[in-house]
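Novice: Below you will find the structure I want to go over with you.
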Amino acid sequence: MENYPGKKEKNLLPSALSFFPILLFLFFSTNFLLADSTSKKIESNSPPEHLNGYFLRHILKNTENIVLSPAHWTDNDWLSAGLASIATVAFLPVDNSIHKWVVDEESSASHSMARAFSTVGSPTILLGLVTTGYLFGEICGQTKTRQAFLLSAESLLITEIFVQVGKIGFGRARPYAGEGAFSFHPLSFQGKWQSFPSGHAAAAWSLASCLASSTNSLALKISLYSLASGISLSRVLLDKHFASDVVAASLLGFFIGKKIGQPLHQIKNKPQISMITGPGIIAFSLNYSY
């Protein structure tokens with residue numbers, strides 16, 4: 001068994017606490033759902049516009065739809081799932097070789113760059129980005145902006161649920177544990193045995209694909225996917241995940257984000273008039289989303 005200095009193992013408590021936000025969300029969202037039984041029907045083409053009970057119910061409905069979606073998949077859906085599985089499995093035979101290369105060829109420059117990308121892909125930073133985007137849309141009266149970032153938050157949360165289930169269910173040992181790419185400890189809460197799939201990669205691609213659905217700008221789409229690619233690669237270079245962990249997570253996040261962001265394609269651009277009031281000030285603004 002190999003041992004690599006400087007690699008710290010997570011204990012049981014932090015791993016268990018990773019589920020706390022999800023449990024808290026489910027608790028409050030269930031209360032919202034039960035408290036308003038007369039609310040309008042949740043439809044896939046009716047994205048939320050504000051952070052309210054409808055937004056939480058929308059998350060629950062989309063989570064249910066994604067879980068049950070294989071029963072309604074078309075031939076193209078099964079083909080996509082098959083190709084994604086093949087792409088993941090293709091990396092399994094070379095996972096150990098890539099890991100060894102990363103350890104042997106590690107340089108300070110590449111490590112620093114990988115750490116920067118990894119930091120950007122942390123849950124705190126991504127949540128801050130989504131929150132900032134939503135507040136901007138709320139303050140400026142930009143409906144499409146609010147919807148884009150609310151659906152991005154929804155995509156991140158749903159992706160995280162799948163990631164945590166996979167991490168604990170598979171219990172795959174991380175590269176730095178020195179157990180090899182085929183060591184599994186199912187139903188484990190220990191951080192060193194939660195390699196599959198990569199949470200950073202899944203979150204980055206989920207956010208990128210969902211936001212990309214809200215714009216026709218090729219430059220912005222390239223920027224979003226380039227950033228997601230950098231975050232994914234950083235997790236391998238930092239020896240936190242095997243290559244197959246990152247490939248599977250990236251595909252998972254991409255498809256969830258694309259599914260959640262789908263309604264944004266159906267939103268028609270239209271001018272909006274909003275009123276801003278303050279001490280001795282009344283102003284009107286005309287906004288156009290594009």
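Residues are named by chain letter and number: chains run A, B, ... in the order of the structure tokens, numbers start at 1 in each chain, and ligands are numbered from 1 in the order shown.
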Quick one: residues within 12 Å of Leu126 (chain A), only C-alpha atoms, excluding same-chain residues fewer than 6 positions away - as a PyMOL selection string?
Specialist: chain A and resi 117-120+132-133+149+152-153+155-157+199-208+227-228+231
Novice: Go ahead and write the residues just picked, C-alpha atoms, as a PDB file, in the first residue's frame.
Specialist:
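The resulting again-v4.pdb:
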ATOM      1  CA  PHE A 117      -9.506  26.357 -10.173  1.00  0.00           C
ATOM      2  CA  SER A 118     -10.494  24.000  -7.369  1.00  0.00           C
ATOM      3  CA  THR A 119     -11.149  26.947  -5.058  1.00  0.00           C
ATOM      4  CA  VAL A 120     -13.402  28.570  -7.656  1.00  0.00           C
ATOM      5  CA  THR A 132     -25.057  37.463  -6.524  1.00  0.00           C
ATOM      6  CA  GLY A 133     -26.672  36.784  -9.893  1.00  0.00           C
ATOM      7  CA  PHE A 149     -29.834  31.915 -11.417  1.00  0.00           C
ATOM      8  CA  SER A 152     -28.905  27.271 -11.495  1.00  0.00           C
ATOM      9  CA  ALA A 153     -29.314  27.055  -7.728  1.00  0.00           C
ATOM     10  CA  SER A 155     -29.550  22.471 -10.561  1.00  0.00           C
ATOM     11  CA  LEU A 156     -26.711  22.690  -8.026  1.00  0.00           C
ATOM     12  CA  LEU A 157     -28.862  21.362  -5.197  1.00  0.00           C
ATOM     13  CA  GLY A 199     -18.602  16.932  -6.254  1.00  0.00           C
ATOM     14  CA  HIS A 200     -16.608  19.886  -7.617  1.00  0.00           C
ATOM     15  CA  ALA A 201     -16.804  18.634 -11.216  1.00  0.00           C
ATOM     16  CA  ALA A 202     -20.507  17.815 -11.016  1.00  0.00           C
ATOM     17  CA  ALA A 203     -21.359  21.227  -9.530  1.00  0.00           C
ATOM     18  CA  ALA A 204     -19.229  23.117 -12.055  1.00  0.00           C
ATOM     19  CA  TRP A 205     -20.774  21.408 -15.082  1.00  0.00           C
ATOM     20  CA  SER A 206     -24.275  21.618 -13.631  1.00  0.00           C
ATOM     21  CA  LEU A 207     -23.934  25.374 -13.185  1.00  0.00           C
ATOM     22  CA  ALA A 208     -22.246  25.874 -16.554  1.00  0.00           C
ATOM     23  CA  LEU A 227     -14.128  27.139 -16.420  1.00  0.00           C
ATOM     24  CA  ALA A 228     -15.973  23.894 -15.696  1.00  0.00           C
ATOM     25  CA  ILE A 231     -12.291  22.831 -12.259  1.00  0.00           C
TER      26      ILE A 231
END
Novice: Could you check which of A:Gln164, A:Ser250, A:Ser234, A:Ser183 is closest to His111 (chain A), using only C-alpha atoms?
Specialist: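 Using only C-alpha atoms, His111 (chain A) sits closest to A:Ser234.
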